[in-house]
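Dropping coords-v8.cif in here (mmCIF, C-alpha atoms):
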data_structure
loop_
_atom_site.group_PDB
_atom_site.id
_atom_site.type_symbol
_atom_site.label_atom_id
_atom_site.label_comp_id
_atom_site.auth_asym_id
_atom_site.auth_seq_id
_atom_site.Cartn_x
_atom_site.Cartn_y
_atom_site.Cartn_z
ATOM 1 C CA MET D 1 -54.037 121.819 -32.516
ATOM 2 C CA PRO D 2 -51.993 118.640 -33.020
ATOM 3 C CA ARG D 3 -53.786 115.753 -34.722
ATOM 4 C CA ILE D 4 -53.630 112.017 -34.131
ATOM 5 C CA ILE D 5 -52.683 110.118 -37.286
ATOM 6 C CA LYS D 6 -53.097 106.359 -37.754
ATOM 7 C CA LEU D 7 -50.283 104.696 -39.724
ATOM 8 C CA THR D 8 -51.348 101.056 -39.286
ATOM 9 C CA ASP D 9 -53.725 99.055 -37.104
ATOM 10 C CA ARG D 10 -50.996 99.114 -34.459
ATOM 11 C CA ILE D 11 -49.211 102.438 -34.981
ATOM 12 C CA GLN D 12 -50.556 105.943 -34.408
ATOM 13 C CA TYR D 13 -48.899 109.260 -33.658
ATOM 14 C CA LEU D 14 -49.631 112.717 -32.368
ATOM 15 C CA GLN D 15 -48.360 115.277 -34.853
ATOM 16 C CA VAL D 16 -45.710 117.848 -34.012
ATOM 17 C CA SER D 17 -46.887 121.162 -32.570
ATOM 18 C CA TYR D 18 -45.108 124.524 -32.596
ATOM 19 C CA ASP D 19 -46.506 126.546 -29.681
ATOM 20 C CA PRO D 20 -44.897 125.175 -27.615
ATOM 21 C CA LEU D 21 -42.511 123.232 -29.849
ATOM 22 C CA SER D 22 -43.326 119.576 -29.220
ATOM 23 C CA ALA D 23 -42.073 116.655 -31.299
ATOM 24 C CA ASP D 24 -44.219 113.947 -32.864
ATOM 25 C CA VAL D 25 -45.194 111.301 -30.282
ATOM 26 C CA VAL D 26 -45.568 107.746 -31.623
ATOM 27 C CA ALA D 27 -47.558 104.959 -29.960
ATOM 28 C CA VAL D 28 -47.185 101.322 -31.060
ATOM 29 C CA ARG D 29 -49.558 98.702 -29.636
ATOM 30 C CA GLY D 30 -47.782 95.435 -28.984
ATOM 31 C CA ASP D 31 -49.395 92.312 -27.552
ATOM 32 C CA SER D 32 -48.092 93.022 -24.044
ATOM 33 C CA ALA D 33 -47.255 96.725 -24.088
ATOM 34 C CA TRP D 34 -47.563 100.105 -25.710
ATOM 35 C CA TRP D 35 -44.218 101.290 -27.100
ATOM 36 C CA ILE D 36 -44.185 105.091 -26.999
ATOM 37 C CA PHE D 37 -41.483 106.981 -28.906
ATOM 38 C CA ASP D 38 -40.838 110.390 -27.335
ATOM 39 C CA VAL D 39 -43.180 112.213 -24.970
ATOM 40 C CA GLY D 40 -43.192 115.732 -26.400
ATOM 41 C CA ALA D 41 -43.421 119.000 -24.515
ATOM 42 C CA CYS D 42 -47.096 120.007 -24.666
ATOM 43 C CA ASP D 43 -50.163 119.087 -22.616
ATOM 44 C CA GLU D 44 -51.745 117.430 -25.673
ATOM 45 C CA ALA D 45 -48.875 114.914 -25.704
ATOM 46 C CA VAL D 46 -49.441 114.105 -22.013
ATOM 47 C CA ASN D 47 -53.143 113.556 -22.698
ATOM 48 C CA PHE D 48 -52.345 111.390 -25.737
ATOM 49 C CA ILE D 49 -50.082 109.080 -23.727
ATOM 50 C CA ASN D 50 -52.404 108.898 -20.724
ATOM 51 C CA ALA D 51 -55.388 108.059 -22.954
ATOM 52 C CA LEU D 52 -53.732 104.972 -24.467
ATOM 53 C CA PRO D 53 -55.904 102.151 -23.094
ATOM 54 C CA ARG D 54 -54.403 99.624 -20.727
ATOM 55 C CA ASN D 55 -57.203 97.212 -21.684
ATOM 56 C CA PRO D 56 -57.853 97.424 -25.445
ATOM 57 C CA VAL D 57 -61.242 96.645 -26.935
ATOM 58 C CA GLY D 58 -61.800 92.887 -26.970
ATOM 59 C CA SER D 59 -59.578 92.158 -23.976
ATOM 60 C CA GLU D 60 -62.201 92.491 -21.234
ATOM 61 C CA PRO D 61 -62.932 89.475 -19.002
ATOM 62 C CA LEU D 62 -65.551 87.054 -20.348
ATOM 63 C CA GLU D 63 -69.111 87.539 -19.143
ATOM 64 C CA LYS D 64 -70.581 84.955 -16.790
ATOM 65 C CA ASP D 65 -73.453 82.815 -18.084
ATOM 66 C CA SER D 66 -76.758 82.290 -16.269
ATOM 67 C CA ARG D 67 -75.190 79.626 -14.042
ATOM 68 C CA GLY D 68 -72.564 82.032 -12.807
ATOM 69 C CA SER D 69 -69.655 80.332 -14.568
ATOM 70 C CA HIS D 70 -67.370 81.758 -17.259
ATOM 71 C CA GLU D 71 -67.817 80.721 -20.873
ATOM 72 C CA ASN D 72 -64.651 78.641 -20.693
ATOM 73 C CA SER D 73 -62.321 77.264 -18.064
ATOM 74 C CA GLU D 74 -59.938 80.193 -18.083
ATOM 75 C CA SER D 75 -60.295 82.724 -15.294
ATOM 76 C CA ALA D 76 -61.176 86.308 -16.141
ATOM 77 C CA ALA D 77 -57.789 87.393 -14.883
ATOM 78 C CA SER D 78 -56.024 85.178 -17.403
ATOM 79 C CA VAL D 79 -58.238 86.322 -20.277
ATOM 80 C CA ALA D 80 -58.023 90.069 -19.691
ATOM 81 C CA ILE D 81 -55.071 91.926 -21.178
ATOM 82 C CA SER D 82 -53.376 94.695 -19.241
ATOM 83 C CA LEU D 83 -50.872 96.465 -21.453
ATOM 84 C CA LYS D 84 -47.758 98.032 -20.009
ATOM 85 C CA LYS D 85 -46.585 101.406 -21.298
ATOM 86 C CA ASN D 86 -42.920 101.577 -22.299
ATOM 87 C CA ILE D 87 -41.430 104.930 -23.320
ATOM 88 C CA VAL D 88 -38.405 105.246 -25.615
ATOM 89 C CA ILE D 89 -36.767 108.682 -25.699
ATOM 90 C CA SER D 90 -35.009 109.538 -28.971
ATOM 91 C CA HIS D 91 -32.642 112.164 -27.512
ATOM 92 C CA PHE D 92 -32.228 114.796 -24.832
ATOM 93 C CA HIS D 93 -33.709 117.894 -26.537
ATOM 94 C CA ARG D 94 -36.627 119.314 -24.589
ATOM 95 C CA ASP D 95 -39.200 119.145 -27.402
ATOM 96 C CA HIS D 96 -38.795 115.348 -27.270
ATOM 97 C CA LEU D 97 -38.604 114.685 -23.510
ATOM 98 C CA LEU D 98 -39.798 117.727 -21.550
ATOM 99 C CA ASN D 99 -42.988 115.974 -20.432
ATOM 100 C CA LEU D 100 -40.872 113.262 -18.791
ATOM 101 C CA VAL D 101 -38.922 115.965 -16.928
ATOM 102 C CA ARG D 102 -42.218 117.587 -15.939
ATOM 103 C CA PHE D 103 -43.368 114.214 -14.584
ATOM 104 C CA VAL D 104 -40.160 113.774 -12.546
ATOM 105 C CA GLN D 105 -40.622 117.276 -11.118
ATOM 106 C CA GLY D 106 -44.224 116.540 -10.175
ATOM 107 C CA GLU D 107 -45.744 119.001 -12.640
ATOM 108 C CA VAL D 108 -47.805 116.490 -14.643
ATOM 109 C CA SER D 109 -49.154 112.980 -14.241
ATOM 110 C CA LEU D 110 -47.804 110.639 -16.917
ATOM 111 C CA ASP D 111 -49.037 107.040 -17.163
ATOM 112 C CA PHE D 112 -46.139 104.674 -17.950
ATOM 113 C CA ASP D 113 -44.172 101.756 -16.511
ATOM 114 C CA ALA D 114 -40.677 101.903 -18.017
ATOM 115 C CA VAL D 115 -38.492 104.328 -19.937
ATOM 116 C CA TYR D 116 -35.559 103.565 -22.238
ATOM 117 C CA LEU D 117 -32.970 106.326 -22.672
ATOM 118 C CA GLY D 118 -29.514 107.025 -24.034
ATOM 119 C CA SER D 119 -26.855 108.330 -21.666
ATOM 120 C CA TYR D 120 -27.353 112.056 -22.299
ATOM 121 C CA ALA D 121 -31.142 111.895 -22.035
ATOM 122 C CA SER D 122 -30.763 109.892 -18.829
ATOM 123 C CA LYS D 123 -28.730 112.703 -17.260
ATOM 124 C CA VAL D 124 -31.315 115.311 -18.281
ATOM 125 C CA VAL D 125 -34.220 113.310 -16.854
ATOM 126 C CA GLY D 126 -32.556 112.233 -13.599
ATOM 127 C CA GLU D 127 -34.173 109.758 -11.229
ATOM 128 C CA VAL D 128 -37.604 108.438 -12.217
ATOM 129 C CA ALA D 129 -39.451 107.310 -9.109
ATOM 130 C CA GLY D 130 -41.856 104.386 -9.329
ATOM 131 C CA CYS D 131 -40.898 103.390 -12.877
ATOM 132 C CA GLU D 132 -38.191 101.274 -14.431
ATOM 133 C CA LYS D 133 -35.406 103.284 -16.088
ATOM 134 C CA ILE D 134 -33.283 101.418 -18.654
ATOM 135 C CA ALA D 135 -30.079 102.819 -20.144
ATOM 136 C CA VAL D 136 -29.587 101.671 -23.739
ATOM 137 C CA THR D 137 -25.986 101.309 -24.933
ATOM 138 C CA SER D 138 -26.463 98.467 -27.449
ATOM 139 C CA PRO D 139 -29.387 97.193 -29.547
ATOM 140 C CA ILE D 140 -32.313 95.621 -27.664
ATOM 141 C CA SER D 141 -34.919 93.475 -29.425
ATOM 142 C CA PHE D 142 -38.399 92.286 -28.449
ATOM 143 C CA ASP D 143 -41.090 90.199 -30.140
ATOM 144 C CA ASP D 144 -44.379 91.683 -28.980
ATOM 145 C CA GLY D 145 -46.736 90.798 -31.794
ATOM 146 C CA VAL D 146 -44.660 93.285 -33.760
ATOM 147 C CA LYS D 147 -40.878 93.117 -33.961
ATOM 148 C CA ILE D 148 -39.419 95.866 -31.786
ATOM 149 C CA GLN D 149 -35.810 97.034 -31.721
ATOM 150 C CA ILE D 150 -34.320 99.920 -29.757
ATOM 151 C CA LEU D 151 -31.127 100.951 -31.494
ATOM 152 C CA PRO D 152 -28.415 103.477 -30.560
ATOM 153 C CA MET D 153 -28.122 105.796 -33.569
ATOM 154 C CA PRO D 154 -24.906 107.670 -34.438
ATOM 155 C CA ASN D 155 -25.780 111.187 -35.579
ATOM 156 C CA SER D 156 -24.563 114.780 -35.597
ATOM 157 C CA HIS D 157 -27.695 116.289 -34.070
ATOM 158 C CA ALA D 158 -27.643 114.940 -30.506
ATOM 159 C CA LYS D 159 -25.340 112.569 -28.638
ATOM 160 C CA GLY D 160 -26.778 109.390 -27.214
ATOM 161 C CA SER D 161 -29.721 109.189 -29.614
ATOM 162 C CA LEU D 162 -31.954 106.128 -29.993
ATOM 163 C CA ALA D 163 -34.070 104.865 -32.883
ATOM 164 C CA LEU D 164 -37.150 102.654 -32.529
ATOM 165 C CA ILE D 165 -37.662 100.032 -35.236
ATOM 166 C CA VAL D 166 -41.139 98.531 -35.564
ATOM 167 C CA ASP D 167 -41.414 95.944 -38.335
ATOM 168 C CA ASP D 168 -40.935 98.015 -41.522
ATOM 169 C CA TYR D 169 -40.822 101.427 -39.784
ATOM 170 C CA VAL D 170 -37.737 103.137 -38.367
ATOM 171 C CA PHE D 171 -38.556 106.045 -36.052
ATOM 172 C CA LEU D 172 -35.505 108.305 -36.061
ATOM 173 C CA GLY D 173 -36.601 111.426 -34.223
ATOM 174 C CA ASP D 174 -34.126 114.150 -35.268
ATOM 175 C CA ALA D 175 -31.224 111.785 -35.966
ATOM 176 C CA THR D 176 -30.849 112.684 -39.658
ATOM 177 C CA TYR D 177 -30.552 116.416 -38.923
ATOM 178 C CA PRO D 178 -27.309 118.387 -38.461
ATOM 179 C CA MET D 179 -25.852 119.795 -35.284
ATOM 180 C CA VAL D 180 -27.594 123.113 -34.637
ATOM 181 C CA GLY D 181 -25.114 125.975 -34.798
ATOM 182 C CA HIS D 182 -26.961 128.514 -32.602
ATOM 183 C CA GLY D 183 -25.634 131.511 -34.509
ATOM 184 C CA THR D 184 -23.073 129.619 -36.572
ATOM 185 C CA PRO D 185 -23.852 127.307 -39.517
ATOM 186 C CA ASP D 186 -25.519 123.968 -38.823
ATOM 187 C CA VAL D 187 -23.063 121.151 -39.557
ATOM 188 C CA TYR D 188 -22.687 117.391 -39.910
ATOM 189 C CA ASN D 189 -19.712 115.624 -38.355
ATOM 190 C CA VAL D 190 -17.984 113.767 -41.196
ATOM 191 C CA GLN D 191 -17.023 110.626 -39.289
ATOM 192 C CA ILE D 192 -20.354 110.283 -37.521
ATOM 193 C CA LEU D 193 -22.302 110.882 -40.736
ATOM 194 C CA GLY D 194 -20.378 108.096 -42.452
ATOM 195 C CA GLU D 195 -21.161 105.744 -39.564
ATOM 196 C CA GLN D 196 -24.816 106.702 -39.651
ATOM 197 C CA ILE D 197 -25.156 106.105 -43.393
ATOM 198 C CA ALA D 198 -23.566 102.666 -43.043
ATOM 199 C CA LEU D 199 -25.930 101.738 -40.213
ATOM 200 C CA LEU D 200 -29.045 102.986 -42.014
ATOM 201 C CA LYS D 201 -28.080 101.081 -45.174
ATOM 202 C CA SER D 202 -27.783 97.888 -43.107
ATOM 203 C CA LEU D 203 -31.427 98.074 -41.991
ATOM 204 C CA ALA D 204 -34.056 96.054 -43.851
ATOM 205 C CA ALA D 205 -36.930 98.449 -43.067
ATOM 206 C CA THR D 206 -38.131 100.654 -45.936
ATOM 207 C CA ARG D 207 -40.004 103.411 -44.073
ATOM 208 C CA PHE D 208 -37.942 106.013 -42.241
ATOM 209 C CA CYS D 209 -39.857 108.387 -39.958
ATOM 210 C CA LEU D 210 -38.410 111.848 -39.279
ATOM 211 C CA SER D 211 -39.817 114.112 -36.598
ATOM 212 C CA HIS D 212 -40.939 117.694 -37.379
ATOM 213 C CA LYS D 213 -41.665 116.925 -41.035
ATOM 214 C CA ARG D 214 -45.015 117.368 -42.764
ATOM 215 C CA GLY D 215 -45.906 113.727 -43.031
ATOM 216 C CA LEU D 216 -43.828 111.622 -40.671
ATOM 217 C CA VAL D 217 -42.923 108.799 -43.067
ATOM 218 C CA ARG D 218 -40.212 109.000 -45.710
ATOM 219 C CA ASP D 219 -38.926 106.462 -48.213
ATOM 220 C CA ARG D 220 -35.750 104.790 -46.939
ATOM 221 C CA ASP D 221 -33.769 105.345 -50.138
ATOM 222 C CA SER D 222 -34.587 109.058 -50.338
ATOM 223 C CA VAL D 223 -33.345 109.631 -46.782
ATOM 224 C CA ILE D 224 -30.116 107.721 -47.395
ATOM 225 C CA GLN D 225 -29.559 109.450 -50.743
ATOM 226 C CA PHE D 226 -29.891 112.855 -49.085
ATOM 227 C CA LEU D 227 -27.365 111.963 -46.381
ATOM 228 C CA GLU D 228 -25.003 110.545 -49.002
ATOM 229 C CA SER D 229 -25.260 113.811 -50.975
ATOM 230 C CA VAL D 230 -24.182 115.701 -47.862
ATOM 231 C CA TYR D 231 -21.358 113.215 -47.194
ATOM 232 C CA ALA D 232 -20.129 113.615 -50.784
ATOM 233 C CA ARG D 233 -19.357 117.276 -50.033
ATOM 234 C CA ARG D 234 -16.770 116.424 -47.357
ATOM 235 C CA GLN D 235 -13.348 117.993 -47.747
ATOM 236 C CA LYS D 236 -9.960 116.534 -46.900
ATOM 237 C CA ASN D 237 -8.798 117.428 -43.390
ATOM 238 C CA GLU D 238 -12.200 118.973 -42.578
ATOM 239 C CA ASN D 239 -14.166 117.412 -39.710
ATOM 240 C CA TYR D 240 -17.495 119.084 -40.511
ATOM 241 C CA ILE D 241 -19.774 119.648 -43.496
ATOM 242 C CA VAL D 242 -22.000 122.715 -43.514
ATOM 243 C CA ALA D 243 -25.615 121.643 -43.866
#

Using structure tokens, write down the structure that the file contains.
Amino acid sequence: MPRIIKLTDRIQYLQVSYDPLSADVVAVRGDSAWWIFDVGACDEAVNFINALPRNPVGSEPLEKDSRGSHENSESAASVAISLKKNIVISHFHRDHLLNLVRFVQGEVSLDFDAVYLGSYASKVVGEVAGCEKIAVTSPISFDDGVKIQILPMPNSHAKGSLALIVDDYVFLGDATYPMVGHGTPDVYNVQILGEQIALLKSLAATRFCLSHKRGLVRDRDSVIQFLESVYARRQKNENYIVA
């Protein structure tokens, strides 16, 4: 059974599962919204997302005193917090977004308000009734008690991928992995890998989070050093590097 792991007071995640294959699902509690990175492919991931509280502990309306008035002049409606739920999909592979497809097809109930996707994931998902669907083609930033950035991420694994940056954490999904060969060797595209390394080195965050790994969080430098070691094996006039 997948387990829920707490990274910080604001960040938790549901660990990857393998039957069915379902990616890690990350939930970040901002001041106005939950930021959910990937939705997975298993029922446990649906339950995890749906259980994220709209009204966190401590945000309930103030109790009335014996005279029937609130403890201060603010109305209960202004005191209570109702968090939105914003989903960010890393890429179009089914272990990362199948539950969103299942929602669109009416197979499951999924509690969310908006979804951010790259172009390829958007095509896979299709129309999302009753929720806001945002295509991400350039970086988007928010200040929500934590600093949030949704960032298009060049990579060999899947076109149109997105990363979610939360303060010192960069959630990358599968973006550091090679293109899967499906019977031929897995490979990195030389040009794209060079672009990815340059982008990752430009980020100030020190914790890189890779899906499907035992322990989600990796040291920034170790991830970059690994990718640089692959890039160092490139050959003249060759477009790909075997992983």

Inset, instruction - Name the residues captured by the PyMOL selection byres ((chain D and resi 139-153) around 6) when it is applied to the shown file; answer as number ranges by chain. - result: D: 30-31, 138, 154, 161-167

Legend entry - Expected selection from the PyMOL selection byres ((chain D and resi 9-20) around 8), given as a PyMOL selection string: chain D and resi 1-8+21-30+41-42+45+48+211-212

Inset, instruction - Please identify all polymer residues within 7 Å of Ile224 of chain D, counting only C-alpha atoms, omitting same-chain residues fewer than 4 positions from it, and present them as a PyMOL selection string. - result: chain D and resi 197+220+228

Those same residues, written as a PDB file, in the coordinates of the input with C-alpha atoms?
ATOM      1  CA  ILE D 197     -25.156 106.105 -43.393  1.00  0.00           C
ATOM      2  CA  ARG D 220     -35.750 104.790 -46.939  1.00  0.00           C
ATOM      3  CA  GLU D 228     -25.003 110.545 -49.002  1.00  0.00           C
TER       4      GLU D 228
END

Legend entry - Atom-to-atom span, atom CA of Glu238 of chain D and atom CA of His157 of chain D, Å: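 The value is 17.9 Å.
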
Legend entry - Of the listed residues D:Arg54, D:His182, D:His96, D:Arg102, that which approaches Lys84 of chain D most closely, counting only C-alpha atoms: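 Using only C-alpha atoms, Lys84 of chain D sits closest to D:Arg54.
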
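When all atoms listed in the file are used to compute distances to Pro185 of chain D, the closest of the residues D:Leu216, D:Ile241, D:Leu97, D:Leu203 turns out to be D:Ile241.
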
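Using all atoms listed in the file, the nearest neighbour of Ala121 of chain D within the list D:Leu172, D:Ala158, D:Ile192, D:Gly181 is D:Ala158.
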
Legend entry - Nearby residues (only C-alpha atoms) at most 8 Å from Val190 of chain D, same-chain spacing under 3 positions excluded, as number ranges by chain: D: 193-194, 231, 234, 238-241

Inset, instruction - Write out as a list in words the residues lying within 12 Å of Val180 of chain D, counting only C-alpha atoms and excluding same-chain residues fewer than 4 positions away. - result: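 Here the answer would be His93, Ser156, His157, Ala158, Asp174, Ala175, Thr184, Pro185, Asp186, Val187, Tyr188, Asn189, Val242 and Ala243 of chain D.
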
Inset, instruction - Just give me the gap between atom CA of Val170 of chain D and atom CA of Val46 of chain D in Å, one decimal is fine. - result: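 Those two atoms sit 22.9 Å apart.
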
Inset, instruction - Mind giving me the straight-line distance from atom CA of Tyr116 of chain D to atom CA of Lys133 of chain D in Å, one decimal? - result: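 Between these atoms lies a distance of 6.2 Å.
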
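Using only C-alpha atoms, the smallest distance between any of D:Arg218, D:Lys85, D:Arg207, D:Lys213 and Asn50 of chain D comes from D:Lys85.
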
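Residues in contact with Gly118 of chain D at up to 8 Å, not including ones fewer than 4 positions away on its chain and judged by all atoms listed in the file, are D:Ile89, D:Ser90, D:His91, D:Ser122, D:Ala135, D:Val136, D:Thr137, D:Pro152, D:Gly160, D:Ser161, D:Leu162.
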